[in-house]
Amino acid sequence: MDAILLQILNGFDKGSAYALIALGLTLIFGTLGVVNFAHGALFMLGAFCAVAVNKLLSLDIVTLSETQTTAWGTPLEIRTPYAEVWFGEIGSVLVDYSVPLSILVAIPVMLIIGVVMERGLIKHFYKRPHAEQILVTFGLAIVLQEIIKAWFGANPIPQPAPGSLRGMIDFGAAVGFEAGSVVYPLWRLVYFLFAFVIIGAVFAFLQFTTLGMVIRAGMADRETVGLLGIDIDKRFTLVFGIAAVVAGLAGVMYTPILSPDYHLGMDFLVLSFVVVVVGGMGSLSGAVLAGFLLGILQSFASMNEIKQVIPGIDQIIIYLVAVVVLLARPRGLLGRKGVMES
Amino acid sequence: ASYTNEPKGSTVTFGFNVPQTGAYADEGADELRAYELAVEHLNGEGDGGMMGTFSSKALKGNGVLGKKVVYVTGDTQTKSDAARASARRMIEADGAIMVTGGSSSGVAVAVQGLCQEVGVIFMAGLTHSNDTTGKDRKANGFRHFFNAYMSGAALAPVLKSNYGSDRKAYHLTADYTWGWTQEESIAAATEALGWETVNKVRTPLGAGDFSQYITPVLNSGADVLILNHYGRDMVNSLTQAVQFGLRDKQVNGKNFEIVVPLYSRLMAQGAGKNVNGIFGSTNWHWSLQDEASQAFVKSFGQKYGFPPSQAAHTCYSQAILYADACERAGTFNPCGVVEALEDFEFDGLGNGPTLYRGADHQCFKDVLVVKGKENPSSQFDLLEVVEVVPVANVTYAPDHPMFAGGDLGSCNAGV
Amino acid sequence: MAILSVRNVNKNFGGLAALADVNLKVEEGMVHAIIGPNGAGKSTLLNCFVGRLDPDTGSVDFDGTSLLGLKPHEINQAGISRVFQTPEIFGELTLVENVMISAFAKRDGAFKLNGWREVWRAQDIHGLAMETLSDLGLAGFSLNNAGQLSRGDKRRLELAMCLVQKPKLLLLDEPTAGMARADTNRTISLLKEIAGRGITMIVIEHDMHVVFSLADRISVLSQGTIIAEDLPEKIKGNPRVQEAYLGGAHL
Amino acid sequence: MIEKTSPRADRILLLAFVAAVLLGPILLAPFGAGYPDLLQKFAIFGIFAIGFNILFGLTGYLSFGHAAFLGVGSYAAVWSFKLLSMNVVPAVIFAVIVAGLFSAVIGYISLRRSGIYFSILTLAFAQMSYNLAYSVLTPITNGETGLQITLGDPRVLDSVSNDGGLPVTNLFGLAMNQTWETALLGMTLHFNAGFYFCALLLIAAFYISMRIFRSPFGMMLRAVKSNQNRMSYTGLNIRPYMLSAFMISGMYAGLAGGLLAATDPLAGAERMQWTASGEVVLMTILGGAGTLIGPVLGAGIIKYAENVFSSFNDQILAGFFDFLPDSLASALVWAASAFVGDGWQLTLGIIFMVIVTFLPGGLMEGVNRIRKWHEQRQRGNDLSSCSAKPAE
Amino acid sequence: MSPSAASATIGAKEASDPAYVSVRGIHAYYNESYIVQGVSFDIREGEIVALLGRNGAGKTSTLRTLARVDNPALRQGEIWLDQKPLHQMKAFEAAQSGIGLVPEDRRIISGLTVEENLQLAQIAPPKGWSIERVYELFPRLAERRRQDGVTMSGGEQQMLAIARALVRDVKLLLLDEPYEGLAPVIVQEIEKTLQQIKGLSMTTIIVEQNAIAALNLADRAIILDMGQIVFDGTATEVLENAELRQEYLAI
Ligand SMILES: Nc1ncnc2c1ncn2[C@@H]1O[C@H](COP(=O)(O)OP(=O)(O)OP(=O)(O)O)[C@@H](O)[C@H]1O
Ligand SMILES: Nc1ncnc2c1ncn2[C@@H]1O[C@H](COP(=O)(O)OP(=O)(O)OP(=O)(O)O)[C@@H](O)[C@H]1O
Ligand SMILES: CC(C)C[C@H](N)C(=O)O
Ligand SMILES: [Mg+2]
Ligand SMILES: [Mg+2]
């Protein structure tokens with residue numbers, strides 16, 4: 001029982017990540033109709049915002065040691081972080097909290113990246129065939145990825161969660177289990193809550209504002225919306241910016257769970273498309289639902305009891321579920337008619 | 001020509017086939033640095049590095065057999081197909097006389113097979129699977145790096161002395177060839193100590209988040225977690241295992257422990273503080289104090305400003321060993337080289353006296369057991385060597401069951 | 001003999017009864033017009049004949065066999081062709097290709113793995129297509145992409161695609177909507193000529209000039225039910241029709 | 001004239017294609033691409049892309065799982081080498097048949113949906129195949145390492161006993177790795193048996209695709225892309241048309257996979273990964289989806305970048321800039337090295353973006369523009385005397 | 001050049017007041033096909049102009065050019081509306097400056113209900129009638145307010161398309177075949193509505209195949225052929241000129 005509860009928690013956690021990525025993607029893909037193969041790269045860029053902030057905060061003052069030398073004979077470099085030199089105690093707290101602090105940096109940075117990307121490139125591709133959108137965004141993803149690789153290398157770069165959020169909490173005791181039977185890392189619960197807040201905020205923004213309606217209309221027929229006096233381009237840019245921010249924040253907060261490297265985005269890319277499509281094109285709630293569904297099923301499929309019955313099921317469960325859902329429901333879980341069906 | 005790509009002019013071409021993209025790109029970059037250094041030394045430039053300490057004195061610093069060494073490079077992408085395509089380019093278009101490098105066993109086996117077919121020598125880079133010199137061994141292929149069996153054999157006594165002989169181990173294993181041989185080797189070695197294996201769970205390659213595999217460990221009754229992962233998988237599974245509090249746990253009245261059978265410094269860097277106090281094995285480490293290792297670190301450090309990784313070390317050694325074999329054989333003919341390398345005994349390349357065993361083309365030398373360092377003095381100083389396990393303890397018979405089923409065949413000189 | 005007979009057809013959309021107990025018999029060789037106010041259910045009824053919609057209850061028989069449950073292509077192969085209210089054509093293909101596809105479908109059936117002999121070798125089909133196009137005054141554009149046509153021309157192209165199949169029953173949903181007067185007149189004479197060849201037609205039209213020039217019989221649909229069915233002259237005089245539909249329009 | 005293209009233009013195109021392919025080893029040598037492995041890859045991926053284009057270019061159905069058929073073809077061929085004979089003919093036939101059957105099954109299911117839903121279904125099947133091939137199916141696929149021939153294989157039809165070396169693939173005795181080399185203008189030309197085997201099949205594949213494009217069947221496929229609704233009301237059953245197209249392109253992929261194994265007897269699981277499926281999509285779009293030649297060009301560019309750009313290292317770059325003063329040369333080497341060697345993917349990414357941004361419709365669009373411009377200039381010259389009267 | 005200056009140089013056609021709408025030599029292309037070939041005309045405030053011509057004459061293209069949509073592309077010429085240079089604007093800016101196009105294929109937005117379609121039209125300024133007032137004019141729409149706009153019958157969609165223009169405060173209304181596909185009663189209703197609008201003296205260009213109906217409404221008629229103006233005069237002039245009617249309108 002506790003094993004199952006733990007897997008449910010794992011599922012929610014994975015689901016939060018999938019849902020957040022899919023949420024951003026579905027804004028661009030399910031709503032604007034652009035097949036954005038650079039979405040994974042946006043997630044990756046978000047993660048590297050955290051890396052960069054951490055790097056900046058722990059920038060060192062280098063002094064050369066007079067006594068010690070390196071193994072190859074040059075004087076040893078002694079490094080002390082600026083933050084500590086300047087702010088002392090507070091400095092090291094800043095370094096410790098670099099991941100959550102990065103959110104403040106990631107929001108404007110990702111917004112700018114999103115807007116620049118849309119204005120500079122994507123804008124010209126709304127009316128182009130999906131295939132060409134794939135080519136250009138895939139090209140962009142590779143370029144972004146290679147730039148990150150050139151700066152930060154190919155190796156994963158660890159980003160610890162703040163010390164106070166690093167521990168475990170006894171989740172089982174809270175829900176009436178034996179104390180100590182279901183303990184769960186605090187940061188993962190933080191991630192789950194964070195996802196919840198972001199998803200709620202995006203929903204509120206798009207569902208309860210007329211902007212949502214305008215966006216939907218613009219996607220169905222840009223020209224007519226323009227004829228009604230609405231500057232749809234501006235709104236599309238905004239949506240793109242929001243999507244980039246959502247992807248970026250998902251990336252920032254994920255770094256303590258998964259040490260980021262330049263390839264991180266590609267690993268999530270295919271998965272996020274699957275999530276969006278299983279959720280149903282054009283449906284935000286579908287994407288979120290599918291994210292959690294796939295997360296939970298994936299966790300369960302990895303249990304030894306199940307793997308023993310069906311070997312390898314944990315490796316294909318996502319795709320298997322995708323096939324079953326798409327065959328049973330032509331438009332995914334909550335898809336709208338006519339979106340990207342031809 | 002009497003053999004494939006027989007060098008006709010004043011130069012001889014080596015093929016350096018390393019991962020330049022994908023998860024192991026950093027390893028690949030380090031391998032390439034080492035190769036470039038080796039070429040310098042072979043051609044008599046620079047300080048000569050380990051050529052000075054190497055027990056064979058056949059190399060004269062004027063290239064190989066009087067021909068200047070030049071090289072071509074390629075990207076394996078850590079994919080068998082791409083690695084073979086790249087190797088074929090070197091052989092067919094660039095006239096490479098040998099191919100070396102790589103950073104995964106799959107690639108090593110695939111490229112080794114190719115080299116056997118076309119008749120050039122393959123000097124493996126990073127490859128740790130038993131199969132490379134086991135069931136997939138080839139006459140034209142040679143491995144300097146150690147293997148999974150050796151990791152197990154070297155680690156077991158250290159684990160026993162630190163963690164006792166009454167332990168319950170839980171394995172998480174990367175679900176592909178290398179992972180399986182690693183799991184088999186370490187399980188056998190620990191079971192021989194009296195440890196019990198609670199469970200062996202396969203995880204998909206590149207799973208990213210391993211939480212769904214880690215939570216079952218929590219209440220499984222196991223008190224040791226063995227991570228048969230490498231590279232990114234290892235970085236992630238280790239980080240997450242620590243995150244799930246495994247290291248703070250008490251099970252069966254003992255401290256819960258984590259073991260990573262195969263370590264590398266680059267991985268340790270990726271896992272950060274999480275490696276503190278965790279045991280594993282490695283082929284070589286730059287903090288070794290023997291004369292050869294010191295010479296290599298000095299040479300490499302001066303050129304690049306940081307110490308070499310084990311990947312760099314093994315690749316450098318392979319290049320030197322190959323050149324030396326040619327020199328001693330007096331020919332680049334692969335069959336001559338094979339003969340010169342088989343059962344070749346040498347010293348002065350960093351792991352003490354070493355044998356290139358003729359029966360399977362595997363090097364036998366001391367293996368290092370290392371531990372994540374508590375208080376690193378620099379970003380490179382992440383592992384400390386706790387024990388240098390003598391070669392005798394890790395040697396096995398060529399027909400050991402974990403290596404059985406292979407056949408070197410005969411050397412192929414092509415054409 | 002009735003070639004098409006519709007009995008007790010009902011169709012609901014949510015709470016809306018789009019068709020309520022519709023009965024209709026279309027005699028072979030006749031031009032049968034269906035008129036009625038917007039939203040009366042005319043297109044819905046037509047959709048029930050061609051497999052686009054399945055009626056909730058009732059039956060639709062064509063030439064003695066039931067059409068219910070058949071797929072659109074099977075219904076077409078049975079001899080029913082249709083012109084849509086908003087033109088449906090192959091926009092990226094040339095006009096002549098549009099018509100040839102239709103002709104191939106007639107000759108080769110619903111599927112033929114005809115992947116080796118080039119299209120240009122099928123001179124007979126090509127000739128037929130060109131003939132039909134010139135019948136409709138489109139021959140001059142035969143190599144243009146159909147998507148670039150003006151709307152009136154698209155509709156004529158669609159008509160050509162139906163006619164080339166020489167269907168037993170031709171369903172026309174507002175065939176002259178958006179056509180210039182001259183073309184409307186030409187289309188009327190063309191359709192008359194087709195009717196003369198014995199092709200049965202069901203025509204939905206709001207243009208009374210067209211309806212009364214063509215129809216042998218008229219059914220009037222209003223709010224999902226047939227409120228009148230009779231000869232054209234009788235319909236003109238029917239007060240219910242006057243009120244529900246014509247509203248005193250000059251004919 | 002029925003179509004905008006004339007039979008004569010097609011014949012010229014075909015002849016030019018044949019000539020270019022057969023002279024490949026000579027034409028490509030100056031670009032450093034004239035060695036057997038890359039020539040074979042051009043031909044093989046050309047076949048793959050041509051087949052993909054029959055599905056995607058004509059019907060607009062974007063399969064994101066075509067690599068699965070390539071992989072299955074490779075496995076089938078290697079198994080044929082292991083069990084039957086090292087002769088490439090049975091291997092290739094076997095590969096095509098197995099891939100055809102596999103695509104029939106996947107196509108039958110996936111074609112129940114269209115648009116993005118179809119793409120994801122094909123992707124899901126291919127990823128399942130890949131993941132299983134990598135792990136659970138190792139007894140059949142030999143996992144990560146890939147399926148290779150070994151000395152211990154049964155090979156029931158091959159009486160040839162081997163002398164300890166691995167046997168080589170052959171066409172009734174003609175070894176696929178047989179290469180004749182000659183020197184021309186300081187370049188070495190490689191005429192390789194394996195390449196010519198692939199090249200003949202490439203030409204056949206091209207010719208078949210040309211016939212399909214021009215046939216009523218091809219026209220029906222374009223109709224599917226244009227308006228499915230109209231199509232079914234015209235009496236045409238879309239499913240069998242789509243399934244045939246899907247299977248044909250699956251068999252092309254199987255042929256390509258079989259040839260990969262025939263020229264280099266190894267079948268790796270990563271051949272089935274989504275990145276491999278994505279690659280053929282990129283090849284087709286880059287060259288120009290729906291054009292006859294485009295996909296072959298696209299395949300060429302991507303394979304060229306992968307194999308040649310990646311091989312440039314500082315040593316080679318320094319050679320290029322030799323003639324410049326030292327400081328300038330080393331600055332250029334530094335700048336250029338970001339785009340080649342381990343930066344080759346950066347170059348590829350930039351190529352993708354530039355081509356698709358400036359040449360919607362892919363490379364063939366560029367070719368067409370050049371041709372149009374040329375024609376206009378010529379017409380301008382011809383008609384300069386009499387007043388031009390544009391035809392209506 | 002200011003509009004007054006423009007018309008001043010053209011001559012003394014509209015002697016005293018500057019034209020409210022002034023179209024000066026517009027040329028528009030679909031890619032390379034040259035469709036609108038130098039069309040110029042002026043319209044006074046409150047005037048209703050019927051734009052007539054055969055299928056493919058370029059009527060729709062002219063209206064679309066005035067509304068500044070991307071296709072066809074305006075390559076040359078000027079369009080002034082109430083002193084504002086529409087030729088320098090994008091479609092949405094032109095719409096905000098008072099252009100309202102009711103397109104021939106209605107362009108109801110799928111996925112949005114009837115009411116949402118109307119709300120959408122009210123988002124950008126300038127705001128016109130209230131939605132309630134529109135519902136009074138078209139009770140049919142009120143009934144269907146929650147229905148997905150595109151599932152409505154053809155006639156209902158046409159009403160919605162006109163309604164969408166009415167909820168905006170349109171200075172120049174462009175109607176592309178507003179009667180097409182409508183039952184005679186509805187045509188009469190819409191004619192009535194348009195007469196009302198005429199009473200509000202809203203400037204209007206109406207394209208209609210039913211030339212008689214259009215001319216009943218219009219003050220003036222322009223006839224297009226092959227993308228050029230072949231006639232510009234009063235409605236009565238057209239009705240009286242049999243030759244003109246025969247040649248271009250077939251009535
Ligand atoms: N899919 C649907 N969902 C809900 N209501 C529908 C649907 N299709 C049609 N209706 C409604 O059914 C009624 C009949 O529509 P239909 O299209 O058959 O009318 P019609 O007689 O052809 O009208 P018109 O002459 O204007 O084309 C209309 O009120 C329409 O709104
Ligand atoms: N998208 C397009 N691309 C290319 N040509 C087009 C396009 N749309 C229309 N045309 C061409 O432009 C010309 C004028 O078309 P337009 O639609 O303006 O005519 P119209 O007068 O409105 O005709 P109708 O009465 O049939 O609606 C026609 O010859 C048509 O073929
Ligand atoms: C890089 C190696 C040391 C480990 C690698 N995974 C292998 O297969 O051998
Ligand atoms: Mg209708
Ligand atoms: Mg028009």
# chains A, B, ... in the order shown; residues from 1 in each chain; ligands from 1
call {"tool": "residues_near_ligand", "arguments": {"ligand": "ligand 2", "cutoff": "7 Å", "atoms": "only C-alpha atoms and all ligand atoms", "output": "list in words"}}
result
Gly147, Gln148, Leu149, Ser150, Arg151, Gly152, Asp153, Gly178, Met179 and Ala180 of chain C; Tyr30, Ser33, Ile35, Gly53, Arg54, Asn55, Gly56, Ala57, Gly58, Lys59, Thr60, Ser61, Thr62, Asn71 and Gln209 of chain E
call {"tool": "interface_residues", "arguments": {"of": "chain A", "to": "chain E", "cutoff": "6 Å", "atoms": "only C-alpha atoms", "output": "JSON, numbers by chain"}}
result
{"A": [226, 227, 228, 229, 230, 231]}
call {"tool": "closest_atom_pairs", "arguments": {"of": "chain E", "to": "chain C", "cutoff": "7 Å", "atoms": "only C-alpha atoms", "output": "tab-separated table"}}
result
residue	atom	partner	partner_atom	distance
E:Arg54	CA	C:Ala180	CA	5.6
E:Asn55	CA	C:Ala180	CA	5.9
E:Gly56	CA	C:Ser150	CA	5.2
E:Ser153	CA	C:Gly39	CA	4.9
E:Gly154	CA	C:Asn38	CA	7.0
E:Gly155	CA	C:Asn38	CA	5.0
E:Glu156	CA	C:Asn38	CA	6.6
E:Glu180	CA	C:Ala177	CA	5.8
E:Gly181	CA	C:Ala177	CA	5.9
E:Leu182	CA	C:His206	CA	6.2
E:Ala183	CA	C:His206	CA	5.2
E:Pro184	CA	C:Leu246	CA	5.4
E:Val185	CA	C:Gly247	CA	5.0
E:Gln209	CA	C:Ala180	CA	5.3
E:Leu249	CA	C:Arg181	CA	6.7
E:Ala250	CA	C:Ala182	CA	5.0
E:Ile251	CA	C:Arg181	CA	6.9
call {"tool": "closest_residue", "arguments": {"among": "A:Val321, A:Val93, A:Ile257, A:Leu334", "to": "chain D", "atoms": "only C-alpha atoms"}}
result
A:Val321
call {"tool": "interface_residues", "arguments": {"of": "chain B", "to": "chain D", "cutoff": "7 Å", "atoms": "only C-alpha atoms", "output": "list in words"}}
result
Gln20, Thr21, Val72, Thr73, Gly74, Asp75, Lys79, Ser80, Asp81, Ala85, Ser86, Arg88, Arg89, Glu92, Ala93, Gly106, Val107, Val109, Ala110, Glu117, Asp175, Tyr176, Thr177, Gly409, Ser410 and Asn412 of chain B
call {"tool": "interface_residues", "arguments": {"of": "chain B", "to": "chain A", "cutoff": "8 Å", "atoms": "only C-alpha atoms", "output": "number ranges by chain"}}
result
B: 22-26, 201, 204, 208-209, 211-213, 215-216, 219, 232, 235-236, 239-240, 243-245, 266-267, 269-272, 287, 294, 297-302, 307
call {"tool": "select_by_dssp", "arguments": {"residues": "region 46-244 of chain D", "states": "strand (DSSP E)", "output": "PyMOL selection string"}}
result
chain D and resi 147-148+170-171+174-175+179-184+187-192
call {"tool": "write_last_selection", "arguments": {"atoms": "N, CA and C atoms", "output": "PDB file, in the first residue's frame"}}
result
ATOM      1  N   LEU D 147      22.974  -5.893 -34.230  1.00  0.00           N
ATOM      2  CA  LEU D 147      23.089  -7.256 -34.728  1.00  0.00           C
ATOM      3  C   LEU D 147      24.233  -7.331 -35.730  1.00  0.00           C
ATOM      4  N   GLN D 148      25.153  -8.267 -35.472  1.00  0.00           N
ATOM      5  CA  GLN D 148      26.299  -8.388 -36.369  1.00  0.00           C
ATOM      6  C   GLN D 148      26.409  -9.825 -36.843  1.00  0.00           C
ATOM      7  N   ASN D 170      27.968 -10.270 -50.483  1.00  0.00           N
ATOM      8  CA  ASN D 170      28.318 -10.311 -51.895  1.00  0.00           C
ATOM      9  C   ASN D 170      27.091 -10.459 -52.759  1.00  0.00           C
ATOM     10  N   LEU D 171      27.271 -10.136 -54.036  1.00  0.00           N
ATOM     11  CA  LEU D 171      26.209 -10.321 -55.021  1.00  0.00           C
ATOM     12  C   LEU D 171      26.682 -11.461 -55.922  1.00  0.00           C
ATOM     13  N   LEU D 174      30.321 -11.364 -56.123  1.00  0.00           N
ATOM     14  CA  LEU D 174      30.976 -10.054 -56.206  1.00  0.00           C
ATOM     15  C   LEU D 174      30.877  -9.389 -54.828  1.00  0.00           C
ATOM     16  N   ALA D 175      32.020  -9.233 -54.168  1.00  0.00           N
ATOM     17  CA  ALA D 175      32.001  -8.705 -52.806  1.00  0.00           C
ATOM     18  C   ALA D 175      31.541  -7.255 -52.822  1.00  0.00           C
ATOM     19  N   THR D 179      36.472  -2.572 -54.211  1.00  0.00           N
ATOM     20  CA  THR D 179      36.611  -1.208 -54.719  1.00  0.00           C
ATOM     21  C   THR D 179      37.748  -1.139 -55.718  1.00  0.00           C
ATOM     22  N   TRP D 180      37.494  -0.473 -56.859  1.00  0.00           N
ATOM     23  CA  TRP D 180      38.576  -0.201 -57.807  1.00  0.00           C
ATOM     24  C   TRP D 180      38.957   1.265 -57.651  1.00  0.00           C
ATOM     25  N   GLU D 181      40.226   1.496 -57.512  1.00  0.00           N
ATOM     26  CA  GLU D 181      40.660   2.871 -57.313  1.00  0.00           C
ATOM     27  C   GLU D 181      41.488   3.329 -58.496  1.00  0.00           C
ATOM     28  N   THR D 182      41.242   4.584 -58.899  1.00  0.00           N
ATOM     29  CA  THR D 182      42.125   5.172 -59.890  1.00  0.00           C
ATOM     30  C   THR D 182      42.393   6.602 -59.460  1.00  0.00           C
ATOM     31  N   ALA D 183      43.442   7.167 -60.019  1.00  0.00           N
ATOM     32  CA  ALA D 183      43.756   8.545 -59.675  1.00  0.00           C
ATOM     33  C   ALA D 183      43.350   9.437 -60.826  1.00  0.00           C
ATOM     34  N   LEU D 184      42.809  10.606 -60.493  1.00  0.00           N
ATOM     35  CA  LEU D 184      42.441  11.575 -61.524  1.00  0.00           C
ATOM     36  C   LEU D 184      42.696  12.952 -60.954  1.00  0.00           C
ATOM     37  N   MET D 187      43.138  13.370 -57.398  1.00  0.00           N
ATOM     38  CA  MET D 187      42.152  12.801 -56.473  1.00  0.00           C
ATOM     39  C   MET D 187      42.127  11.292 -56.686  1.00  0.00           C
ATOM     40  N   THR D 188      41.795  10.582 -55.627  1.00  0.00           N
ATOM     41  CA  THR D 188      41.598   9.156 -55.804  1.00  0.00           C
ATOM     42  C   THR D 188      40.117   8.913 -56.043  1.00  0.00           C
ATOM     43  N   LEU D 189      39.794   8.188 -57.095  1.00  0.00           N
ATOM     44  CA  LEU D 189      38.396   7.856 -57.351  1.00  0.00           C
ATOM     45  C   LEU D 189      38.155   6.428 -56.882  1.00  0.00           C
ATOM     46  N   HIS D 190      37.042   6.229 -56.204  1.00  0.00           N
ATOM     47  CA  HIS D 190      36.726   4.894 -55.718  1.00  0.00           C
ATOM     48  C   HIS D 190      35.479   4.389 -56.447  1.00  0.00           C
ATOM     49  N   PHE D 191      35.625   3.312 -57.190  1.00  0.00           N
ATOM     50  CA  PHE D 191      34.449   2.699 -57.806  1.00  0.00           C
ATOM     51  C   PHE D 191      34.164   1.424 -57.038  1.00  0.00           C
ATOM     52  N   ASN D 192      33.066   1.470 -56.281  1.00  0.00           N
ATOM     53  CA  ASN D 192      32.832   0.430 -55.307  1.00  0.00           C
ATOM     54  C   ASN D 192      31.618  -0.400 -55.697  1.00  0.00           C
TER      55      ASN D 192
END
call {"tool": "closest_atom_pairs", "arguments": {"of": "chain D", "to": "chain C", "cutoff": "10 Å", "atoms": "only C-alpha atoms", "output": "CSV"}}
result
residue,atom,partner,partner_atom,distance
D:Met1,CA,C:Trp120,CA,7.7
D:Ile2,CA,C:Trp120,CA,6.0
D:Glu3,CA,C:Leu143,CA,7.3
D:Lys4,CA,C:Leu143,CA,7.3
D:Ser6,CA,C:Trp120,CA,9.1
D:Pro7,CA,C:Trp120,CA,8.6
D:Ile208,CA,C:Trp116,CA,7.9
D:Ser209,CA,C:Gly115,CA,9.2
D:Met210,CA,C:Trp116,CA,9.2
D:Arg211,CA,C:Trp116,CA,5.5
D:Ile212,CA,C:Gly115,CA,4.9
D:Phe213,CA,C:Gly115,CA,8.1
D:Arg214,CA,C:Glu118,CA,5.1
D:Ser215,CA,C:Glu118,CA,4.2
D:Pro216,CA,C:Val119,CA,5.3
D:Phe217,CA,C:Gly115,CA,4.8
D:Gly218,CA,C:Gly115,CA,6.7
D:Met219,CA,C:Ile101,CA,7.6
D:Met220,CA,C:Ile101,CA,6.9
D:Arg222,CA,C:Leu93,CA,7.7
D:Ala223,CA,C:Phe90,CA,6.2
D:Val224,CA,C:Phe90,CA,8.7
D:Lys225,CA,C:Glu92,CA,8.7
D:Ser226,CA,C:Phe90,CA,5.2
D:Asn227,CA,C:Phe90,CA,5.6
D:Gln228,CA,C:Phe90,CA,8.8
D:Asn229,CA,C:Glu88,CA,7.5
D:Arg230,CA,C:Glu88,CA,5.7
D:Met231,CA,C:His73,CA,8.1
D:Ser232,CA,C:His73,CA,4.8
D:Tyr233,CA,C:Pro72,CA,5.5
D:Thr234,CA,C:Ser102,CA,5.8
D:Gly235,CA,C:His73,CA,3.8
D:Leu236,CA,C:Ala110,CA,4.2
D:Asn237,CA,C:Ala110,CA,5.0
D:Ile238,CA,C:Phe111,CA,8.0
D:Arg239,CA,C:Phe111,CA,9.0
D:Pro240,CA,C:Phe111,CA,6.8
D:Tyr241,CA,C:Phe111,CA,6.9
D:Ser244,CA,C:Leu113,CA,7.9
D:Ala245,CA,C:Leu113,CA,9.8
call {"tool": "atom_distance", "arguments": {"atom1": "CA of Phe81 (chain D)", "atom2": "CA of Val98 (chain D)"}}
result
14.6 Å
call {"tool": "atom_distance", "arguments": {"atom1": "CA of Leu238 (chain A)", "atom2": "CA of Val115 (chain A)"}}
result
7.1 Å
call {"tool": "residues_around", "arguments": {"residues": "region 343-360 of chain B", "least_positions_apart": "3", "cutoff": "7 Å", "atoms": "only C-alpha atoms", "output": "PyMOL selection string"}}
result
chain B and resi 50+53-56+133+137+290+292-293+317+340+363-366+398+408
call {"tool": "write_last_selection", "arguments": {"atoms": "C-alpha atoms", "output": "PDB file, in the first residue's frame"}}
result
ATOM      1  CA  MET B  50      54.749   9.264 -20.810  1.00  0.00           C
ATOM      2  CA  THR B  53      58.497   6.720 -18.589  1.00  0.00           C
ATOM      3  CA  PHE B  54      57.253   3.993 -20.918  1.00  0.00           C
ATOM      4  CA  SER B  55      59.285   0.838 -20.466  1.00  0.00           C
ATOM      5  CA  SER B  56      59.583   0.137 -24.183  1.00  0.00           C
ATOM      6  CA  THR B 133      37.161  -8.545 -25.074  1.00  0.00           C
ATOM      7  CA  ARG B 137      36.545  -9.996 -29.021  1.00  0.00           C
ATOM      8  CA  ASP B 290      53.716   7.283  -9.730  1.00  0.00           C
ATOM      9  CA  ALA B 292      54.345   7.979 -15.266  1.00  0.00           C
ATOM     10  CA  SER B 293      51.039   9.421 -14.106  1.00  0.00           C
ATOM     11  CA  SER B 317      48.099   5.160 -23.762  1.00  0.00           C
ATOM     12  CA  ALA B 340      53.783  -7.256 -31.325  1.00  0.00           C
ATOM     13  CA  CYS B 363      45.126  -5.282 -20.689  1.00  0.00           C
ATOM     14  CA  PHE B 364      45.700  -6.531 -17.146  1.00  0.00           C
ATOM     15  CA  LYS B 365      46.878  -3.947 -14.681  1.00  0.00           C
ATOM     16  CA  ASP B 366      46.109  -2.490 -11.287  1.00  0.00           C
ATOM     17  CA  PRO B 398      40.281 -16.075 -20.838  1.00  0.00           C
ATOM     18  CA  LEU B 408      39.361 -13.736 -31.774  1.00  0.00           C
TER      19      LEU B 408
END
